[in-house]
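S.K.: Provided herewith is a single structure, encoded as C-alpha cells, for subsequent inquiry.
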Amino acid sequence: MQATIKQPKSEAGLSPAACSAPLDCDGYRKLLAAVEDDEKKSPRFHDYRKTLSWAVNQAKHYASKTGLTPEAILDAWESKRTYWYMNYYQPANQPSIESDNVRVFETVDDLLASIGKTGFRCPNCEAVSKSPYTCDSGVKAHGKVCDWKVYGLFGHMGKGVSVFVKEQLAIEQLFMPVAWEQNATRRKP
Ligand SMILES: [Zn+2]
C-alpha cells in the first residue's frame with residue numbers, strides 16, 4: 001500500500017483569541033522578529049500580533065494533544081515556513097485537533113507499519129476501503145457506489161481516527177484502519 005500523508009482539509013475555525021505568553025525558543029524569536037519588522041515597515045496595516053498570538057496558541061493546543069512541547073511545535077513550524085507568516089499561520093495549514101483520541105507516531109513509516117495492509121473501514125458503507133480518505137470499496141450504499149470522503153462535510157462521523165506524525169507535525173483524519181479495530185470501539189450503525 002502506498003498511502004501518502006497529505007495536508008488535512010479541515011476548515012476548523014480559529015481558536016478563541018487570547019493573550020499568549022511568549023515561548024522560549026528560536027521559532028518564537030524568529031516569528032516575533034518578523035512581526036516587529038512588519039510593525040515598523042507597515043504599522044497597523046494588518047493585525048500582526050493577532051497572528052503571532054494565534055500561532056502560539058495553536059502550538060500550545062498541538063502540544064496538549066500530542067505530548068510534545070509548544071516550543072518543539074513552533075520551532076518545527078518555523079523551520080518549515082518559506083513564506084509570509086500572515087499567510088502561513090491559518091486553520092487550513094495548522095487545523096485544530098478536534099479529537100481527544102489522537103494517535104501519535106514518530107514517522108510516516110511507523111504509521112504505515114502500524115496500519116499494515118488490511119485497509120480502512122469506511123464509516124458510511126462499513127466495507128473495507130484501500131484509501132484512508134475516499135472510500136473505494138465499490139459497495140453500494142444509499143443507492144449509489146460509495147465514495148465517502150473523510151474530509152467531506154460529515155468527516156468520519158466519529159468512526160475514524162486522528163493521527164499525528166511527529167516528523168511531519170501534521171494532524172489528519174483517516175478512516176479507521178482495520179488493523180486497529182480490536183483496540184477501538186466500533187459504533188454499530
Ligand atoms: Zn464506503
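Simple scheme: letters A, B, ... for chains in C-alpha cells order, numbers from 1 for residues in each chain, numbers from 1 for ligands in the order shown.
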Around ligand 1, which protein and nucleic acid residues have at least one atom no more than 9 Å from it, if we count only C-alpha atoms and all ligand atoms? List them as a list in words.
M.R.: Arg121, Cys122, Pro123, Asn124, Cys125, Glu126, Ala127, Val128, Ser129, Thr134, Cys135, Asp136, Ser137, Gly138, Val139, Lys140, Ala141, Val145, Cys146, Asp147, Trp148 and Lys149 of chain A
S.K.: Please return, as a list in words, all residues of region 21-143 of chain A that DSSP assigns to strand (DSSP E) on the basis of the backbone.
M.R.: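 Across region 21-143 of chain A, those assigned strand (DSSP E) are Val102, Arg103, Val104, Phe105, Phe120, Arg121, Val128, Ser129, Lys140 and Ala141 of chain A.
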S.K.: Keeping only N, CA, C and O atoms, take the residues you just selected and write them out as a PDB file, in the first residue's frame.
M.R.:
```pdb
ATOM      1  N   VAL A 102      -6.105  11.016  19.732  1.00  0.00           N
ATOM      2  CA  VAL A 102      -5.105  11.195  18.688  1.00  0.00           C
ATOM      3  C   VAL A 102      -4.023  10.150  18.867  1.00  0.00           C
ATOM      4  O   VAL A 102      -3.525   9.958  19.974  1.00  0.00           O
ATOM      5  N   ARG A 103      -3.679   9.460  17.799  1.00  0.00           N
ATOM      6  CA  ARG A 103      -2.575   8.505  17.884  1.00  0.00           C
ATOM      7  C   ARG A 103      -1.332   9.149  17.295  1.00  0.00           C
ATOM      8  O   ARG A 103      -1.356   9.677  16.195  1.00  0.00           O
ATOM      9  N   VAL A 104      -0.258   9.120  18.072  1.00  0.00           N
ATOM     10  CA  VAL A 104       0.966   9.840  17.709  1.00  0.00           C
ATOM     11  C   VAL A 104       2.020   8.849  17.224  1.00  0.00           C
ATOM     12  O   VAL A 104       2.246   7.823  17.859  1.00  0.00           O
ATOM     13  N   PHE A 105       2.637   9.162  16.087  1.00  0.00           N
ATOM     14  CA  PHE A 105       3.701   8.335  15.525  1.00  0.00           C
ATOM     15  C   PHE A 105       4.924   9.193  15.276  1.00  0.00           C
ATOM     16  O   PHE A 105       4.808  10.375  14.981  1.00  0.00           O
ATOM     17  N   PHE A 120      -8.959   0.116   5.338  1.00  0.00           N
ATOM     18  CA  PHE A 120      -9.621   1.045   6.245  1.00  0.00           C
ATOM     19  C   PHE A 120     -11.136   0.837   6.203  1.00  0.00           C
ATOM     20  O   PHE A 120     -11.690   0.551   5.151  1.00  0.00           O
ATOM     21  N   ARG A 121     -11.772   1.013   7.363  1.00  0.00           N
ATOM     22  CA  ARG A 121     -13.212   0.808   7.440  1.00  0.00           C
ATOM     23  C   ARG A 121     -13.939   2.091   7.053  1.00  0.00           C
ATOM     24  O   ARG A 121     -13.820   3.112   7.741  1.00  0.00           O
ATOM     25  N   VAL A 128     -14.501  -2.352   3.457  1.00  0.00           N
ATOM     26  CA  VAL A 128     -13.087  -2.006   3.562  1.00  0.00           C
ATOM     27  C   VAL A 128     -12.649  -1.224   2.323  1.00  0.00           C
ATOM     28  O   VAL A 128     -12.867  -1.654   1.189  1.00  0.00           O
ATOM     29  N   SER A 129     -12.028  -0.090   2.577  1.00  0.00           N
ATOM     30  CA  SER A 129     -11.513   0.771   1.512  1.00  0.00           C
ATOM     31  C   SER A 129      -9.985   0.689   1.515  1.00  0.00           C
ATOM     32  O   SER A 129      -9.374   0.581   2.573  1.00  0.00           O
ATOM     33  N   LYS A 140     -22.300  -0.619  -2.775  1.00  0.00           N
ATOM     34  CA  LYS A 140     -23.396   0.339  -2.912  1.00  0.00           C
ATOM     35  C   LYS A 140     -23.949   0.700  -1.537  1.00  0.00           C
ATOM     36  O   LYS A 140     -24.205  -0.170  -0.705  1.00  0.00           O
ATOM     37  N   ALA A 141     -24.113   1.977  -1.288  1.00  0.00           N
ATOM     38  CA  ALA A 141     -24.739   2.434  -0.051  1.00  0.00           C
ATOM     39  C   ALA A 141     -25.676   3.574  -0.412  1.00  0.00           C
ATOM     40  O   ALA A 141     -25.284   4.477  -1.158  1.00  0.00           O
TER      41      ALA A 141
END
```
S.K.: Give one line per residue of region 27-113 of chain A that approaches region 163-179 of chain A to at most 12 Å, naming the two atoms of the closest pair and their distance in Å to one decimal, counting only C-alpha atoms; sort by chain then ascending residue number and deliver it as a Markdown table.
M.R.:
```
| residue | atom | partner | partner_atom | distance |
| --- | --- | --- | --- | --- |
| A:Ala59 | CA | A:Leu169 | CA | 10.4 |
| A:His61 | CA | A:Ile171 | CA | 11.9 |
| A:Tyr62 | CA | A:Ile171 | CA | 8.9 |
| A:Ala63 | CA | A:Leu169 | CA | 10.5 |
| A:Lys65 | CA | A:Phe164 | CA | 9.2 |
| A:Thr66 | CA | A:Phe164 | CA | 7.4 |
| A:Gly67 | CA | A:Lys166 | CA | 10.4 |
| A:Leu68 | CA | A:Lys166 | CA | 8.7 |
| A:Thr69 | CA | A:Lys166 | CA | 11.6 |
| A:Pro70 | CA | A:Leu169 | CA | 11.7 |
| A:Ala72 | CA | A:Leu169 | CA | 9.8 |
| A:Ile73 | CA | A:Leu169 | CA | 7.3 |
| A:Leu74 | CA | A:Leu169 | CA | 9.9 |
| A:Asp75 | CA | A:Leu169 | CA | 10.7 |
| A:Ala76 | CA | A:Leu169 | CA | 7.5 |
| A:Trp77 | CA | A:Leu169 | CA | 7.8 |
| A:Glu78 | CA | A:Leu169 | CA | 11.5 |
| A:Ser79 | CA | A:Leu169 | CA | 11.4 |
| A:Lys80 | CA | A:Gln168 | CA | 9.7 |
| A:Pro91 | CA | A:Ile171 | CA | 11.8 |
| A:Ala92 | CA | A:Ala170 | CA | 11.4 |
| A:Asn93 | CA | A:Ala170 | CA | 8.8 |
| A:Gln94 | CA | A:Ala170 | CA | 7.7 |
| A:Pro95 | CA | A:Ile171 | CA | 7.7 |
| A:Ser96 | CA | A:Ile171 | CA | 8.6 |
| A:Ile97 | CA | A:Ile171 | CA | 7.1 |
| A:Glu98 | CA | A:Gln173 | CA | 9.8 |
| A:Ser99 | CA | A:Gln173 | CA | 9.3 |
| A:Asp100 | CA | A:Val163 | CA | 10.9 |
| A:Asn101 | CA | A:Val163 | CA | 8.6 |
| A:Val102 | CA | A:Val163 | CA | 5.4 |
| A:Arg103 | CA | A:Val163 | CA | 4.8 |
| A:Val104 | CA | A:Phe164 | CA | 4.8 |
| A:Phe105 | CA | A:Val165 | CA | 4.8 |
| A:Glu106 | CA | A:Lys166 | CA | 4.9 |
| A:Thr107 | CA | A:Glu167 | CA | 5.5 |
| A:Val108 | CA | A:Val165 | CA | 6.3 |
| A:Asp109 | CA | A:Val165 | CA | 9.6 |
| A:Asp110 | CA | A:Val165 | CA | 8.8 |
| A:Leu111 | CA | A:Val165 | CA | 7.6 |
| A:Leu112 | CA | A:Pro177 | CA | 10.1 |
| A:Ala113 | CA | A:Ala179 | CA | 10.2 |
```
S.K.: Would you mind writing down, as a VMD selection string, each residue of region 52-153 of chain A that DSSP on the backbone assigns to alpha helix (DSSP H)?
M.R.: chain A and resid 52 to 66 70 to 80 85 to 88 108 to 115
S.K.: Limited to N, CA and C atoms, could you put the picked residues into a file as a tab-separated table (two decimals), in the first residue's frame?
M.R.:
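Once written, result08.tsv looks like this:
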```
chain	number	residue	atom	x	y	z
A	52	LEU	N	0.49	36.25	15.45
A	52	LEU	CA	1.51	35.73	16.36
A	52	LEU	C	0.85	34.98	17.52
A	53	SER	N	-0.15	35.63	18.08
A	53	SER	CA	-0.87	35.04	19.20
A	53	SER	C	-1.55	33.72	18.79
A	54	TRP	N	-2.13	33.74	17.60
A	54	TRP	CA	-2.81	32.54	17.12
A	54	TRP	C	-1.81	31.39	16.95
A	55	ALA	N	-0.64	31.70	16.40
A	55	ALA	CA	0.38	30.66	16.17
A	55	ALA	C	0.83	30.05	17.51
A	56	VAL	N	1.04	30.91	18.49
A	56	VAL	CA	1.49	30.42	19.81
A	56	VAL	C	0.40	29.56	20.45
A	57	ASN	N	-0.84	30.05	20.39
A	57	ASN	CA	-1.94	29.28	20.99
A	57	ASN	C	-2.13	27.95	20.28
A	58	GLN	N	-1.97	27.96	18.96
A	58	GLN	CA	-2.15	26.73	18.21
A	58	GLN	C	-1.01	25.74	18.54
A	59	ALA	N	0.20	26.26	18.73
A	59	ALA	CA	1.32	25.39	19.13
A	59	ALA	C	1.03	24.76	20.50
A	60	LYS	N	0.45	25.54	21.41
A	60	LYS	CA	0.10	25.00	22.73
A	60	LYS	C	-1.01	23.95	22.62
A	61	HIS	N	-1.95	24.24	21.75
A	61	HIS	CA	-3.05	23.30	21.51
A	61	HIS	C	-2.50	21.97	20.96
A	62	TYR	N	-1.60	22.05	19.97
A	62	TYR	CA	-1.00	20.84	19.42
A	62	TYR	C	-0.20	20.10	20.50
A	63	ALA	N	0.49	20.87	21.36
A	63	ALA	CA	1.28	20.25	22.41
A	63	ALA	C	0.39	19.45	23.36
A	64	SER	N	-0.76	20.05	23.70
A	64	SER	CA	-1.64	19.38	24.66
A	64	SER	C	-2.23	18.10	24.08
A	65	LYS	N	-2.33	18.03	22.75
A	65	LYS	CA	-2.93	16.86	22.12
A	65	LYS	C	-1.92	15.77	21.78
A	66	THR	N	-0.63	16.14	21.72
A	66	THR	CA	0.36	15.20	21.20
A	66	THR	C	1.45	14.84	22.20
A	70	PRO	N	5.13	22.97	23.31
A	70	PRO	CA	4.76	24.04	22.36
A	70	PRO	C	6.00	24.58	21.63
A	71	GLU	N	7.12	24.62	22.34
A	71	GLU	CA	8.36	25.12	21.72
A	71	GLU	C	8.78	24.22	20.55
A	72	ALA	N	8.70	22.91	20.74
A	72	ALA	CA	9.09	21.98	19.67
A	72	ALA	C	8.18	22.14	18.46
A	73	ILE	N	6.89	22.35	18.73
A	73	ILE	CA	5.93	22.51	17.64
A	73	ILE	C	6.22	23.80	16.86
A	74	LEU	N	6.36	24.90	17.60
A	74	LEU	CA	6.56	26.18	16.92
A	74	LEU	C	7.92	26.21	16.19
A	75	ASP	N	8.95	25.63	16.81
A	75	ASP	CA	10.25	25.53	16.13
A	75	ASP	C	10.12	24.79	14.81
A	76	ALA	N	9.38	23.70	14.82
A	76	ALA	CA	9.24	22.91	13.60
A	76	ALA	C	8.44	23.67	12.55
A	77	TRP	N	7.37	24.31	12.98
A	77	TRP	CA	6.57	25.11	12.02
A	77	TRP	C	7.43	26.20	11.39
A	78	GLU	N	8.19	26.89	12.25
A	78	GLU	CA	9.02	27.98	11.72
A	78	GLU	C	10.12	27.47	10.82
A	79	SER	N	10.67	26.29	11.13
A	79	SER	CA	11.75	25.76	10.28
A	79	SER	C	11.23	25.37	8.91
A	80	LYS	N	9.93	25.09	8.82
A	80	LYS	CA	9.34	24.71	7.53
A	80	LYS	C	8.74	25.91	6.80
A	85	TYR	N	4.48	34.79	7.28
A	85	TYR	CA	3.76	34.15	8.40
A	85	TYR	C	2.27	34.49	8.41
A	86	MET	N	1.90	35.68	7.86
A	86	MET	CA	0.47	36.04	7.86
A	86	MET	C	-0.34	35.08	6.99
A	87	ASN	N	0.29	34.51	5.99
A	87	ASN	CA	-0.40	33.52	5.15
A	87	ASN	C	-0.18	32.09	5.64
A	88	TYR	N	0.95	31.89	6.30
A	88	TYR	CA	1.33	30.54	6.73
A	88	TYR	C	0.49	30.06	7.92
A	108	VAL	N	6.27	8.62	9.34
A	108	VAL	CA	5.25	8.09	8.43
A	108	VAL	C	5.42	6.57	8.30
A	109	ASP	N	6.67	6.10	8.27
A	109	ASP	CA	6.92	4.66	8.18
A	109	ASP	C	6.32	3.92	9.37
A	110	ASP	N	6.47	4.49	10.56
A	110	ASP	CA	5.88	3.87	11.76
A	110	ASP	C	4.36	3.77	11.62
A	111	LEU	N	3.77	4.85	11.12
A	111	LEU	CA	2.32	4.87	10.94
A	111	LEU	C	1.90	3.78	9.94
A	112	LEU	N	2.60	3.73	8.82
A	112	LEU	CA	2.23	2.75	7.79
A	112	LEU	C	2.44	1.32	8.28
A	113	ALA	N	3.50	1.11	9.08
A	113	ALA	CA	3.75	-0.22	9.62
A	113	ALA	C	2.62	-0.63	10.56
A	114	SER	N	2.14	0.31	11.33
A	114	SER	CA	1.06	0.01	12.28
A	114	SER	C	-0.25	-0.28	11.55
A	115	ILE	N	-0.48	0.42	10.46
A	115	ILE	CA	-1.72	0.24	9.71
A	115	ILE	C	-1.72	-1.09	8.95
```
S.K.: Quick check, in Å to one decimal: how far apart do CA of Ala21 (chain A) and CA of Arg81 (chain A) lie?
M.R.: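 Between CA of Ala21 (chain A) and CA of Arg81 (chain A) the gap works out to 21.5 Å.
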S.K.: May I ask for the distance between CA of Ser162 (chain A) and CA of Pro132 (chain A), given in Å to one decimal place?
M.R.: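 Here the two named atoms are 11.3 Å from each other.
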S.K.: Calculated over only C-alpha atoms, which of the candidates A:Leu23, A:Trp84, A:Tyr133, A:Gly119 has the smallest distance to Asp37 (chain A)?
M.R.: A:Trp84
